[in-house]
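> Pasting in a structure now, in structure tokens, and then I'll have a few things to ask.
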Amino acid sequence: MQEQNSDGGSKGVIVPDEAAVRAYFTRCDGNFRFARWGRPLAPAFFGFEEEGERIWREALRASVAIGGLEVAKVDRELGVNFMVFSCGAWSELLEVPAMDRLIPDIARLLRVLEASGANQYRIFGFAPGERSDAPGPIRICITLLRRDEVFEMMSERAWALGQVVQGLLLWSDHAFTAESAVAEIEGVGRAVVTPRLQHLLRAAYAPELPSASDDPAHAAALAALAARSAASS
């Protein structure tokens with residue numbers, strides 16, 4: 001992934017260039033698709049103890065603040081629209097009331113996740129686009145998590161931040177296979193969204209950009225705004 005120093009490198013801030021930004025939103029089938037939220041996030045967390053839920057809510061507030069999003073108690077259409085389900089085994093999700101109505105054919109999905117050894121899965125729903133054949137903004141995100149040995153290697157805050165960031169945009173399905181969305185600060189027990197993703201999130205939520213696009217040229221605008229964000233920070 002190519003990156004560049006913003007502002008001529010005077011501040012040493014690394015931001016993704018146009019090709020790298022395009023890769024963040026190009027899916028395995030080769031199609032570019034960008035989408036951001038078009039409404040406040042109304043979260044709900046399931047399968048967490050009180051302290052764990054507090055950490056996740058703090059991670060959500062910290063992450064959405066980067067892009068200037070809002071957090072609401074209730075979504076006027078859906079009630080909640082940003083849901084996170086945590087479990088120790090995928091089969092536990094079958095015991096959640098009405099889960100099969102929330103995610104049709106969930107039993108088949110969980111069998112696939114179990115067979116692949118996956119520890120996370122996200123489902124997005126979208127509002128209508130400006131054209132019938134155009135993508136629209138994100139209206140709902142459901143994250144399913146299985147707490148495995150990979151999770152145990154990270155702090156709860158780092159895990160929460162990384163998962164929340166992955167729900168703030170429609171990233172490529174392989175965007176974070178080779179890199180993490182967060183960096184843990186040794187010695188102080190803190191975790192932060194990586195600087196390059198902070199600048200990209202700010203760019204993604206710039207009001208002058210559309211909330212969804214399937215045009216690869218959209219990456220150029222995102223890269224330019226990310227570089228501007230880095231230069232001004």
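Every chain in the structure tokens takes a letter, A first, then B, and so on in the order presented; its residues are numbered from 1, and the ligands are numbered from 1 following the presented order.
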Looking only at the backbone, which of the residues in range 15-117 of chain A does DSSP tag as helix (DSSP H, G or I), as an MDAnalysis selection string?

chainID A and resid 18:24 50:67 90:95 99:102 106:116

> Please identify all polymer residues within 12 Å of Ala62 in chain A, counting only C-alpha atoms, omitting same-chain residues fewer than 5 positions from it, and present them as a list in words.

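The residues that qualify are Ile55, Trp56, Arg57, Gly67, Gly68, Leu69, Glu70, Val71, Arg157, Ala158, Ala160, Leu161, Gly162, Val164, Val165, Leu168, Ala191, Val192, Val193 and Gln198 of chain A.
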
> Output all heavy atoms of each residue in that selection to a file, as a CSV table (one decimal), in the first residue's frame.


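Contents of part30.csv, freshly written:
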chain,number,residue,atom,x,y,z
A,55,ILE,N,-16.9,0.3,27.9
A,55,ILE,CA,-15.7,0.5,27.1
A,55,ILE,C,-16.1,0.7,25.6
A,55,ILE,O,-15.6,1.5,24.9
A,55,ILE,CB,-14.7,-0.6,27.3
A,55,ILE,CG1,-14.1,-0.6,28.7
A,55,ILE,CG2,-13.6,-0.6,26.2
A,55,ILE,CD1,-13.2,-1.8,29.0
A,56,TRP,N,-17.0,-0.2,25.2
A,56,TRP,CA,-17.5,-0.1,23.8
A,56,TRP,C,-18.2,1.2,23.5
A,56,TRP,O,-18.0,1.8,22.4
A,56,TRP,CB,-18.4,-1.3,23.5
A,56,TRP,CG,-17.5,-2.5,23.1
A,56,TRP,CD1,-16.9,-3.3,24.0
A,56,TRP,CD2,-17.3,-3.0,21.8
A,56,TRP,NE1,-16.2,-4.3,23.3
A,56,TRP,CE2,-16.4,-4.2,22.0
A,56,TRP,CE3,-17.7,-2.7,20.6
A,56,TRP,CZ2,-16.0,-4.9,20.9
A,56,TRP,CZ3,-17.3,-3.5,19.5
A,56,TRP,CH2,-16.4,-4.6,19.7
A,57,ARG,N,-19.0,1.7,24.4
A,57,ARG,CA,-19.7,3.0,24.2
A,57,ARG,C,-18.7,4.1,24.1
A,57,ARG,O,-18.8,5.0,23.3
A,57,ARG,CB,-20.7,3.2,25.3
A,57,ARG,CG,-21.9,2.3,25.1
A,57,ARG,CD,-23.1,2.7,26.1
A,57,ARG,NE,-24.2,1.8,25.9
A,57,ARG,CZ,-25.1,1.9,25.0
A,57,ARG,NH1,-25.1,2.9,24.1
A,57,ARG,NH2,-26.1,1.0,24.9
A,67,GLY,N,-15.0,11.7,12.7
A,67,GLY,CA,-15.6,12.1,11.4
A,67,GLY,C,-16.7,13.1,11.6
A,67,GLY,O,-17.4,13.5,10.6
A,68,GLY,N,-17.0,13.5,12.9
A,68,GLY,CA,-18.0,14.4,13.1
A,68,GLY,C,-19.4,13.9,13.1
A,68,GLY,O,-20.4,14.6,12.9
A,69,LEU,N,-19.6,12.5,13.3
A,69,LEU,CA,-20.9,11.9,13.4
A,69,LEU,C,-21.5,12.2,14.7
A,69,LEU,O,-20.9,12.6,15.7
A,69,LEU,CB,-20.8,10.4,13.2
A,69,LEU,CG,-20.4,9.9,11.8
A,69,LEU,CD1,-18.9,9.9,11.6
A,69,LEU,CD2,-20.9,8.5,11.6
A,70,GLU,N,-22.8,11.8,14.8
A,70,GLU,CA,-23.5,12.0,16.0
A,70,GLU,C,-24.0,10.6,16.5
A,70,GLU,O,-24.2,9.7,15.8
A,70,GLU,CB,-24.8,12.9,15.8
A,70,GLU,CG,-24.5,14.3,15.4
A,70,GLU,CD,-25.7,15.1,15.2
A,70,GLU,OE1,-26.8,14.5,15.4
A,70,GLU,OE2,-25.6,16.3,14.9
A,71,VAL,N,-24.1,10.5,17.9
A,71,VAL,CA,-24.7,9.3,18.5
A,71,VAL,C,-26.0,9.7,19.1
A,71,VAL,O,-26.2,10.7,19.7
A,71,VAL,CB,-23.7,8.8,19.6
A,71,VAL,CG1,-24.4,7.6,20.3
A,71,VAL,CG2,-22.4,8.4,19.0
A,157,ARG,N,-10.4,-2.2,24.8
A,157,ARG,CA,-10.5,-0.9,24.1
A,157,ARG,C,-10.0,-1.0,22.7
A,157,ARG,O,-10.6,-0.5,21.8
A,157,ARG,CB,-9.8,0.2,24.9
A,157,ARG,CG,-9.9,1.6,24.1
A,157,ARG,CD,-9.4,2.7,25.0
A,157,ARG,NE,-9.3,4.0,24.2
A,157,ARG,CZ,-10.3,4.7,23.9
A,157,ARG,NH1,-11.5,4.4,24.3
A,157,ARG,NH2,-10.2,5.8,23.2
A,158,ALA,N,-8.8,-1.6,22.5
A,158,ALA,CA,-8.3,-1.8,21.1
A,158,ALA,C,-9.2,-2.6,20.2
A,158,ALA,O,-9.5,-2.2,19.1
A,158,ALA,CB,-6.9,-2.4,21.2
A,160,ALA,N,-12.5,-2.9,20.7
A,160,ALA,CA,-13.7,-2.1,20.4
A,160,ALA,C,-13.4,-1.1,19.4
A,160,ALA,O,-14.2,-0.9,18.5
A,160,ALA,CB,-14.1,-1.5,21.7
A,161,LEU,N,-12.3,-0.3,19.5
A,161,LEU,CA,-12.1,0.7,18.5
A,161,LEU,C,-12.0,0.2,17.1
A,161,LEU,O,-12.5,0.7,16.2
A,161,LEU,CB,-10.7,1.4,18.9
A,161,LEU,CG,-10.8,2.6,19.9
A,161,LEU,CD1,-9.4,3.0,20.3
A,161,LEU,CD2,-11.6,3.8,19.3
A,162,GLY,N,-11.2,-0.9,17.0
A,162,GLY,CA,-11.0,-1.5,15.7
A,162,GLY,C,-12.4,-1.9,15.0
A,162,GLY,O,-12.6,-1.7,13.8
A,164,VAL,N,-15.4,-0.8,15.8
A,164,VAL,CA,-16.3,0.3,15.6
A,164,VAL,C,-15.9,1.0,14.3
A,164,VAL,O,-16.7,1.3,13.4
A,164,VAL,CB,-16.3,1.3,16.7
A,164,VAL,CG1,-16.9,2.6,16.3
A,164,VAL,CG2,-17.0,0.7,17.9
A,165,VAL,N,-14.6,1.2,14.1
A,165,VAL,CA,-14.1,1.9,12.9
A,165,VAL,C,-14.5,1.1,11.6
A,165,VAL,O,-14.9,1.7,10.6
A,165,VAL,CB,-12.5,2.0,12.9
A,165,VAL,CG1,-12.0,2.4,11.6
A,165,VAL,CG2,-12.1,3.1,14.0
A,168,LEU,N,-17.9,2.1,10.5
A,168,LEU,CA,-18.2,3.5,10.2
A,168,LEU,C,-18.2,3.8,8.7
A,168,LEU,O,-18.8,4.8,8.3
A,168,LEU,CB,-17.2,4.4,10.9
A,168,LEU,CG,-17.2,4.4,12.4
A,168,LEU,CD1,-16.3,5.5,12.9
A,168,LEU,CD2,-18.6,4.7,12.9
A,191,ALA,N,-5.3,2.9,23.5
A,191,ALA,CA,-5.4,2.5,22.1
A,191,ALA,C,-6.0,3.7,21.4
A,191,ALA,O,-6.9,4.3,21.9
A,191,ALA,CB,-6.2,1.2,21.9
A,192,VAL,N,-5.6,3.9,20.2
A,192,VAL,CA,-6.1,5.0,19.3
A,192,VAL,C,-6.3,4.5,17.9
A,192,VAL,O,-5.6,3.6,17.5
A,192,VAL,CB,-5.2,6.3,19.3
A,192,VAL,CG1,-5.0,6.9,20.7
A,192,VAL,CG2,-3.8,5.9,18.8
A,193,VAL,N,-7.2,5.1,17.2
A,193,VAL,CA,-7.3,4.9,15.8
A,193,VAL,C,-6.0,5.4,15.1
A,193,VAL,O,-5.5,6.5,15.4
A,193,VAL,CB,-8.5,5.6,15.2
A,193,VAL,CG1,-8.6,5.4,13.7
A,193,VAL,CG2,-9.8,5.1,15.9
A,198,GLN,N,-7.5,8.1,10.8
A,198,GLN,CA,-8.2,9.3,11.4
A,198,GLN,C,-8.4,10.3,10.2
A,198,GLN,O,-9.5,10.9,10.1
A,198,GLN,CB,-7.4,9.9,12.5
A,198,GLN,CG,-7.4,9.1,13.8
A,198,GLN,CD,-6.8,9.8,15.0
A,198,GLN,OE1,-7.0,11.1,15.1
A,198,GLN,NE2,-6.1,9.1,15.8

> Identify, on the basis of only C-alpha atoms, every residue whose closest approach to Leu41 in chain A does not exceed 10 Å; exclude the query and any residue fewer than 6 positions from it along the same chain; express the result as a ChimeraX atom specification.

/A:60-61,64,69-75,80-83,139-141,168

> Can you work out the spacing between CA of Pro207 in chain A and CA of Phe124 in chain A in Å, to one decimal?

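It comes out at 21.7 Å.
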
> Write out as JSON, numbers by chain the set of residues from range 40-177 of chain A that DSSP, computed on the backbone, places in strand (DSSP E).

{"A": [43, 44, 45, 46, 82, 83, 84, 85, 86, 87, 120, 121, 122, 123, 124, 125, 126, 138, 139, 140, 141, 142, 143, 144, 145, 146]}

> Counting only C-alpha atoms, which of A:Leu201, A:Ala89, A:Ile106, A:Met99 gets nearest to Asp148 in chain A?

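Nearest candidate to Asp148 in chain A out of A:Leu201, A:Ala89, A:Ile106, A:Met99: A:Ala89.
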
> Report, in Å to a single decimal, how far apart CA of Val182 in chain A and CA of Glu114 in chain A are.

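So the two atoms, CA of Glu114 in chain A and CA of Val182 in chain A, lie 25.8 Å apart.
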
> Between A:Tyr121, A:Trp90, A:Phe176, A:Tyr205, single out the one closest to Thr143 in chain A, counting only C-alpha atoms.

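Nearest candidate to Thr143 in chain A out of A:Tyr121, A:Trp90, A:Phe176, A:Tyr205: A:Tyr121.
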
> From the list A:Arg27, A:Arg190, A:Arg101, A:Arg22, which residue is nearest Asp173 in chain A when using only C-alpha atoms?

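Looking at the shortest contact to Asp173 in chain A, the residue is A:Arg27.
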
> Have a look at A:Ile142, A:Val21, A:Ala220, A:Leu102 and name the one nearest to Phe45 in chain A; count only C-alpha atoms.

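Answer, going by the shortest atom-to-atom distance: A:Ile142.
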
> Could you tell me which of A:Arg196, A:Ser211, A:Ala20, A:Leu78 comes closest to Ala231 in chain A if we count only C-alpha atoms?

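Looking only at the distances to Ala231 in chain A, the closest residue turns out to be A:Arg196.
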